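One structure below.
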Amino acid sequence: METVRLFNQSTLQIQDCGAKGRGVVTTVVIPARTVIDISPILLFPSEEYSTHGQYTQLDHYTYRWKGGMALALGLGSMFNHSSTPNVGFQRDIDNGLIRYSTLREIQVGEELCISYGPNLWFPDVEDSQDKNNSSGGGTTEGDVSDSEDETAESFFSRIQFSDDDDYDHSN
Ligand SMILES: C[S@@+](CC[C@H](N)C(=O)[O-])C[C@H]1O[C@@H](n2cnc3c(N)ncnc32)[C@H](O)[C@@H]1O
């Protein structure tokens with residue numbers, strides 16, 4: 001593999017994002033199309049994953065990957081889901097990495113979210129926020145519903161990542 005320089009993430013923080021659990025929030029304005037993280041992955045071969053991993057907490061975090069399932073080591077495992085994500089990602093199979101980039105300018109205090117795709121395994125808090133909004137309710141922490149960017153293809157394997165449905169908003 002090639003040598004890849006990683007990132008100083010001192011402007012990002014992990015914090016409580018209510019019903020979503022922990023999430024990643026920025027403390028500075030981040031321009032659109034900025035690479036914000038490069039997460040090395042830990043690969044679980046398909047057979048090992050189907051025998052063990054899928055029955056564990058890992059199944060909430062792993063991405064489909066060539067030859068098995070991958071756990072992103074670093075921020076890649078901490079991004080929550082939004083159907084209007086402000087962060088996209090691109091896998092780098094050769095180097096065993098996932099690169100995450102902003103899809104639009106992100107403001108101070110906003111949560112950074114990716115899209116897990118259409119097949120969620122949990123109730124999306126954004127859905128209940130949308131219902132509250134349409135009935136006159138307010139937004140809650142972590143709302144990123146004003147994104148102007150496109151929607152995603154499937155992601156988690158819950159983070160689904162297959163050979164032919166790679167999701168890449170970085171171009
Ligand atoms: C990859 S983890 C993200 C980090 C996680 N919040 C944590 O604290 O470890 C995926 C899990 O986060 C939660 N989650 C992510 N996005 C969510 C959303 N939009 N609504 C509700 N729960 C969400 C779900 O419990 C999901 O299984």
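We label chains A, B, ... in the order they appear in the structure tokens, count residues from 1 in each chain, and number ligands from 1 in the order shown.
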
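Here the residues within segment 38-149 of chain A that DSSP labels alpha helix (DSSP H) on the basis of the backbone are A:Ser46, A:Glu47, A:Glu48, A:Tyr49, A:Ser50, A:Thr51, A:Val125, A:Glu126, A:Asp127, A:Ser128, A:Gln129, A:Asp130, A:Lys131, A:Asn132, A:Asn133, A:Ser134.
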
Go ahead and save the residues from that selection, with N, CA and C atoms, as a PDB file, in the first residue's frame.
ATOM      1  N   SER A  46     -15.548 -12.661   5.075  1.00  0.00           N
ATOM      2  CA  SER A  46     -16.987 -12.974   4.995  1.00  0.00           C
ATOM      3  C   SER A  46     -17.394 -14.118   5.908  1.00  0.00           C
ATOM      4  N   GLU A  47     -16.632 -15.209   5.888  1.00  0.00           N
ATOM      5  CA  GLU A  47     -17.026 -16.385   6.667  1.00  0.00           C
ATOM      6  C   GLU A  47     -16.979 -16.091   8.167  1.00  0.00           C
ATOM      7  N   GLU A  48     -15.916 -15.414   8.592  1.00  0.00           N
ATOM      8  CA  GLU A  48     -15.798 -15.069  10.012  1.00  0.00           C
ATOM      9  C   GLU A  48     -16.936 -14.149  10.430  1.00  0.00           C
ATOM     10  N   TYR A  49     -17.288 -13.215   9.543  1.00  0.00           N
ATOM     11  CA  TYR A  49     -18.337 -12.259   9.896  1.00  0.00           C
ATOM     12  C   TYR A  49     -19.698 -12.928   9.979  1.00  0.00           C
ATOM     13  N   SER A  50     -19.966 -13.824   9.019  1.00  0.00           N
ATOM     14  CA  SER A  50     -21.290 -14.455   9.033  1.00  0.00           C
ATOM     15  C   SER A  50     -21.426 -15.438  10.188  1.00  0.00           C
ATOM     16  N   THR A  51     -20.294 -15.964  10.673  1.00  0.00           N
ATOM     17  CA  THR A  51     -20.340 -16.892  11.809  1.00  0.00           C
ATOM     18  C   THR A  51     -20.411 -16.148  13.138  1.00  0.00           C
ATOM     19  N   VAL A 125     -34.431   9.414  13.727  1.00  0.00           N
ATOM     20  CA  VAL A 125     -34.963  10.558  14.485  1.00  0.00           C
ATOM     21  C   VAL A 125     -35.405  11.684  13.563  1.00  0.00           C
ATOM     22  N   GLU A 126     -34.803  11.749  12.366  1.00  0.00           N
ATOM     23  CA  GLU A 126     -35.214  12.804  11.427  1.00  0.00           C
ATOM     24  C   GLU A 126     -36.670  12.620  11.009  1.00  0.00           C
ATOM     25  N   ASP A 127     -37.105  11.379  10.918  1.00  0.00           N
ATOM     26  CA  ASP A 127     -38.497  11.138  10.530  1.00  0.00           C
ATOM     27  C   ASP A 127     -39.444  11.762  11.542  1.00  0.00           C
ATOM     28  N   SER A 128     -39.146  11.522  12.829  1.00  0.00           N
ATOM     29  CA  SER A 128     -40.034  12.085  13.838  1.00  0.00           C
ATOM     30  C   SER A 128     -39.901  13.602  13.877  1.00  0.00           C
ATOM     31  N   GLN A 129     -38.688  14.120  13.561  1.00  0.00           N
ATOM     32  CA  GLN A 129     -38.533  15.581  13.504  1.00  0.00           C
ATOM     33  C   GLN A 129     -39.375  16.153  12.373  1.00  0.00           C
ATOM     34  N   ASP A 130     -39.348  15.467  11.205  1.00  0.00           N
ATOM     35  CA  ASP A 130     -40.139  15.944  10.073  1.00  0.00           C
ATOM     36  C   ASP A 130     -41.614  16.006  10.443  1.00  0.00           C
ATOM     37  N   LYS A 131     -42.074  14.920  11.145  1.00  0.00           N
ATOM     38  CA  LYS A 131     -43.489  14.900  11.530  1.00  0.00           C
ATOM     39  C   LYS A 131     -43.786  16.048  12.483  1.00  0.00           C
ATOM     40  N   ASN A 132     -42.857  16.260  13.445  1.00  0.00           N
ATOM     41  CA  ASN A 132     -43.059  17.360  14.390  1.00  0.00           C
ATOM     42  C   ASN A 132     -43.072  18.697  13.668  1.00  0.00           C
ATOM     43  N   ASN A 133     -42.150  18.849  12.690  1.00  0.00           N
ATOM     44  CA  ASN A 133     -42.064  20.116  11.974  1.00  0.00           C
ATOM     45  C   ASN A 133     -43.351  20.395  11.205  1.00  0.00           C
ATOM     46  N   SER A 134     -43.863  19.339  10.532  1.00  0.00           N
ATOM     47  CA  SER A 134     -45.043  19.567   9.713  1.00  0.00           C
ATOM     48  C   SER A 134     -46.278  19.818  10.574  1.00  0.00           C
TER      49      SER A 134
END

Test item: residues at most 8 Å from segment 91-95 of chain A, only C-alpha atoms, excluding those fewer than 2 positions along its chain, as a list in words: Met1, Glu2, Trp65, Lys66, Phe89, Leu97, Ile98, Arg99 and Asp166 of chain A

Dump as a PDB file, in the first residue's frame, selection limited to N, CA and C atoms:
ATOM      1  N   MET A   1       0.839  -1.198   0.000  1.00  0.00           N
ATOM      2  CA  MET A   1       0.000   0.000   0.000  1.00  0.00           C
ATOM      3  C   MET A   1       0.872   1.245   0.000  1.00  0.00           C
ATOM      4  N   GLU A   2       0.260   2.375  -0.389  1.00  0.00           N
ATOM      5  CA  GLU A   2       1.004   3.630  -0.345  1.00  0.00           C
ATOM      6  C   GLU A   2       0.915   4.243   1.058  1.00  0.00           C
ATOM      7  N   TRP A  65     -17.531  -4.696   2.305  1.00  0.00           N
ATOM      8  CA  TRP A  65     -16.202  -4.466   1.737  1.00  0.00           C
ATOM      9  C   TRP A  65     -15.845  -5.650   0.859  1.00  0.00           C
ATOM     10  N   LYS A  66     -14.932  -5.453  -0.031  1.00  0.00           N
ATOM     11  CA  LYS A  66     -14.480  -6.557  -0.879  1.00  0.00           C
ATOM     12  C   LYS A  66     -13.913  -7.659   0.009  1.00  0.00           C
ATOM     13  N   PHE A  89     -18.638   9.766   1.315  1.00  0.00           N
ATOM     14  CA  PHE A  89     -17.428   8.979   1.552  1.00  0.00           C
ATOM     15  C   PHE A  89     -17.045   8.196   0.316  1.00  0.00           C
ATOM     16  N   LEU A  97      -8.828   1.983   3.265  1.00  0.00           N
ATOM     17  CA  LEU A  97      -9.207   3.258   3.895  1.00  0.00           C
ATOM     18  C   LEU A  97     -10.583   3.695   3.396  1.00  0.00           C
ATOM     19  N   ILE A  98     -11.238   4.541   4.179  1.00  0.00           N
ATOM     20  CA  ILE A  98     -12.415   5.273   3.696  1.00  0.00           C
ATOM     21  C   ILE A  98     -12.135   6.762   3.888  1.00  0.00           C
ATOM     22  N   ARG A  99     -12.361   7.542   2.824  1.00  0.00           N
ATOM     23  CA  ARG A  99     -12.180   8.999   2.893  1.00  0.00           C
ATOM     24  C   ARG A  99     -13.548   9.662   2.982  1.00  0.00           C
ATOM     25  N   ASP A 166     -20.990   1.349  -4.694  1.00  0.00           N
ATOM     26  CA  ASP A 166     -20.138   2.305  -4.003  1.00  0.00           C
ATOM     27  C   ASP A 166     -20.800   3.677  -3.998  1.00  0.00           C
TER      28      ASP A 166
END

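Atom CA of Val25 of chain A is positioned 5.6 Å from atom CA of Glu110 of chain A.
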
Find, counting only C-alpha atoms, the residue in A:Val87, A:Ala70, A:Val108, A:Ile114 that gets nearest to Ala32 of chain A. A:Val87

Excluding Gly76 of chain A and its own-chain neighbours fewer than 4 positions away, which residues fall within 9 Å of it when counting only C-alpha atoms? Please give them as an mmCIF file with N, CA and C atoms, in the first residue's frame.
data_model
loop_
_atom_site.group_PDB
_atom_site.id
_atom_site.type_symbol
_atom_site.label_atom_id
_atom_site.label_comp_id
_atom_site.auth_asym_id
_atom_site.auth_seq_id
_atom_site.Cartn_x
_atom_site.Cartn_y
_atom_site.Cartn_z
ATOM 1 N N ASP A 37 -11.871 13.353 7.114
ATOM 2 C CA ASP A 37 -11.290 12.223 7.837
ATOM 3 C C ASP A 37 -10.884 11.132 6.853
ATOM 4 N N ILE A 38 -9.859 10.418 7.221
ATOM 5 C CA ILE A 38 -9.481 9.196 6.515
ATOM 6 C C ILE A 38 -9.408 8.108 7.568
ATOM 7 N N SER A 39 -10.329 7.146 7.477
ATOM 8 C CA SER A 39 -10.386 6.065 8.467
ATOM 9 C C SER A 39 -9.787 4.792 7.894
ATOM 10 N N PRO A 40 -8.728 4.272 8.503
ATOM 11 C CA PRO A 40 -8.276 2.932 8.124
ATOM 12 C C PRO A 40 -9.366 1.926 8.507
ATOM 13 N N ILE A 41 -9.469 0.816 7.784
ATOM 14 C CA ILE A 41 -10.499 -0.180 8.122
ATOM 15 C C ILE A 41 -9.856 -1.468 8.628
ATOM 16 N N TYR A 61 -22.023 -1.213 12.930
ATOM 17 C CA TYR A 61 -20.936 -0.314 12.540
ATOM 18 C C TYR A 61 -20.227 -0.714 11.257
ATOM 19 N N LEU A 71 -14.701 -2.650 9.546
ATOM 20 C CA LEU A 71 -14.955 -1.681 10.615
ATOM 21 C C LEU A 71 -14.045 -0.480 10.374
ATOM 22 N N ALA A 72 -14.627 0.708 10.294
ATOM 23 C CA ALA A 72 -13.832 1.927 10.132
ATOM 24 C C ALA A 72 -13.228 2.288 11.488
ATOM 25 N N ILE A 98 -11.238 4.541 4.179
ATOM 26 C CA ILE A 98 -12.415 5.273 3.696
ATOM 27 C C ILE A 98 -12.135 6.762 3.888
ATOM 28 N N ARG A 99 -12.361 7.542 2.824
ATOM 29 C CA ARG A 99 -12.180 8.999 2.893
ATOM 30 C C ARG A 99 -13.548 9.662 2.982
ATOM 31 N N TYR A 100 -13.671 10.604 3.880
ATOM 32 C CA TYR A 100 -14.934 11.314 4.109
ATOM 33 C C TYR A 100 -14.755 12.782 3.735
#

Show me which residues are within 9 Å of ligand 1 counting only C-alpha atoms and all ligand atoms, and format the list as a CSV table (one decimal) with N, CA and C atoms, in the first residue's frame.
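Result file selection.csv:
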chain,number,residue,atom,x,y,z
A,15,GLN,N,-19.9,14.1,20.5
A,15,GLN,CA,-20.8,14.6,21.6
A,15,GLN,C,-22.1,13.8,21.6
A,16,ASP,N,-22.9,14.0,22.6
A,16,ASP,CA,-24.2,13.3,22.8
A,16,ASP,C,-25.1,13.9,21.8
A,17,CYS,N,-25.7,13.1,20.9
A,17,CYS,CA,-26.6,13.6,19.9
A,17,CYS,C,-28.0,13.1,20.1
A,18,GLY,N,-28.4,13.0,21.4
A,18,GLY,CA,-29.7,12.6,21.8
A,18,GLY,C,-30.0,11.2,21.4
A,19,ALA,N,-31.2,10.9,20.8
A,19,ALA,CA,-31.6,9.6,20.5
A,19,ALA,C,-30.7,8.8,19.5
A,20,LYS,N,-29.8,9.6,18.8
A,20,LYS,CA,-28.9,8.9,17.9
A,20,LYS,C,-27.7,8.4,18.6
A,21,GLY,N,-27.5,8.7,19.9
A,21,GLY,CA,-26.3,8.4,20.6
A,21,GLY,C,-25.2,9.4,20.3
A,22,ARG,N,-23.9,8.9,20.3
A,22,ARG,CA,-22.8,9.8,20.1
A,22,ARG,C,-22.8,10.2,18.6
A,23,GLY,N,-22.3,11.4,18.3
A,23,GLY,CA,-22.2,11.9,16.9
A,23,GLY,C,-21.0,12.8,16.8
A,24,VAL,N,-20.7,13.2,15.6
A,24,VAL,CA,-19.5,14.1,15.3
A,24,VAL,C,-20.0,15.5,15.0
A,57,GLN,N,-22.3,-6.4,18.4
A,57,GLN,CA,-22.5,-4.9,18.2
A,57,GLN,C,-21.8,-4.4,16.9
A,58,LEU,N,-20.9,-5.2,16.4
A,58,LEU,CA,-20.2,-4.8,15.2
A,58,LEU,C,-21.1,-4.6,14.1
A,59,ASP,N,-22.2,-5.3,14.1
A,59,ASP,CA,-23.2,-5.2,13.0
A,59,ASP,C,-23.9,-3.9,12.8
A,60,HIS,N,-23.7,-3.0,13.8
A,60,HIS,CA,-24.3,-1.7,13.8
A,60,HIS,C,-23.2,-0.7,13.2
A,61,TYR,N,-22.0,-1.2,12.9
A,61,TYR,CA,-20.9,-0.3,12.5
A,61,TYR,C,-20.2,-0.7,11.3
A,62,THR,N,-20.3,-2.0,10.8
A,62,THR,CA,-19.5,-2.4,9.8
A,62,THR,C,-20.0,-2.1,8.4
A,76,GLY,N,-15.0,7.3,11.2
A,76,GLY,CA,-15.9,6.7,10.2
A,76,GLY,C,-16.9,5.8,10.9
A,77,SER,N,-16.7,5.4,12.1
A,77,SER,CA,-17.7,4.6,12.8
A,77,SER,C,-18.6,5.4,13.7
A,78,MET,N,-18.3,6.7,13.7
A,78,MET,CA,-19.1,7.6,14.6
A,78,MET,C,-20.1,8.5,13.9
A,79,PHE,N,-20.1,8.5,12.5
A,79,PHE,CA,-21.0,9.4,11.8
A,79,PHE,C,-22.4,8.8,11.9
A,80,ASN,N,-23.4,9.6,12.3
A,80,ASN,CA,-24.8,9.1,12.3
A,80,ASN,C,-25.4,9.3,10.9
A,81,HIS,N,-26.6,8.8,10.8
A,81,HIS,CA,-27.3,8.8,9.5
A,81,HIS,C,-28.1,10.0,9.3
A,82,SER,N,-28.1,10.5,8.1
A,82,SER,CA,-29.2,11.5,7.7
A,82,SER,C,-29.6,11.2,6.2
A,83,SER,N,-30.8,11.3,5.9
A,83,SER,CA,-31.3,11.1,4.5
A,83,SER,C,-30.9,12.3,3.7
A,113,CYS,N,-23.1,14.2,9.2
A,113,CYS,CA,-23.8,12.9,9.0
A,113,CYS,C,-23.6,12.4,7.6
A,114,ILE,N,-23.6,11.1,7.5
A,114,ILE,CA,-23.5,10.4,6.2
A,114,ILE,C,-24.9,9.8,6.0
A,115,SER,N,-25.1,9.2,4.8
A,115,SER,CA,-26.3,8.4,4.6
A,115,SER,C,-26.0,6.9,4.6
A,116,TYR,N,-26.8,6.2,5.4
A,116,TYR,CA,-26.6,4.7,5.5
A,116,TYR,C,-27.4,4.1,4.3
A,120,LEU,N,-32.8,1.2,6.8
A,120,LEU,CA,-32.3,1.5,8.2
A,120,LEU,C,-32.8,0.4,9.1
A,121,TRP,N,-32.1,0.1,10.2
A,121,TRP,CA,-32.5,-0.9,11.1
A,121,TRP,C,-32.9,-0.3,12.4
A,122,PHE,N,-33.1,1.0,12.4
A,122,PHE,CA,-33.6,1.7,13.6
A,122,PHE,C,-34.5,2.8,13.2
A,123,PRO,N,-35.3,3.4,14.1
A,123,PRO,CA,-36.2,4.5,13.7
A,123,PRO,C,-35.4,5.7,13.6
A,124,ASP,N,-35.4,6.4,12.4
A,124,ASP,CA,-34.6,7.6,12.1
A,124,ASP,C,-35.2,8.8,12.9
A,125,VAL,N,-34.4,9.4,13.7
A,125,VAL,CA,-35.0,10.6,14.5
A,125,VAL,C,-35.4,11.7,13.6
A,126,GLU,N,-34.8,11.7,12.4
A,126,GLU,CA,-35.2,12.8,11.4
A,126,GLU,C,-36.7,12.6,11.0
A,127,ASP,N,-37.1,11.4,10.9
A,127,ASP,CA,-38.5,11.1,10.5
A,127,ASP,C,-39.4,11.8,11.5
A,142,GLY,N,-28.9,18.3,16.2
A,142,GLY,CA,-28.5,17.4,15.2
A,142,GLY,C,-29.3,17.4,13.9
A,156,PHE,N,-24.6,1.4,5.1
A,156,PHE,CA,-24.2,0.5,6.2
A,156,PHE,C,-24.8,-0.9,5.9
A,158,ARG,N,-25.9,-3.8,7.6
A,158,ARG,CA,-26.0,-2.5,8.1
A,158,ARG,C,-25.0,-1.4,7.6
A,159,ILE,N,-24.0,-0.9,7.5
A,159,ILE,CA,-23.4,0.0,6.6
A,159,ILE,C,-23.1,-0.7,5.3

May I ask for the distance between atom CA of Val35 of chain A and atom CA of Asn8 of chain A, given in Å to one decimal place? 11.4 Å

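Taking only C-alpha atoms into account, Asn86 of chain A lies nearest to A:Ile106 out of the set A:Leu43, A:Leu12, A:Ile106, A:Leu6.
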
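With atom CA of Thr102 of chain A on one side and atom CA of Gln13 of chain A on the other, the separation reads 15.6 Å.
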
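You can rank A:Asn119, A:Ser10, A:Phe44, A:Pro85 by their closest distance to Val28 of chain A using only C-alpha atoms, and at the top of that list sits A:Ser10.
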
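Distance annotation: of A:Gly74, A:Gly68, A:Gly96, A:Gly53, the residue with the minimal separation from Ile36 of chain A is A:Gly74; atom set is only C-alpha atoms.
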
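If you measure from each of A:Tyr63, A:Leu73, A:Thr3, A:Glu105 to Thr34 of chain A using only C-alpha atoms, the closest one turns out to be A:Glu105.
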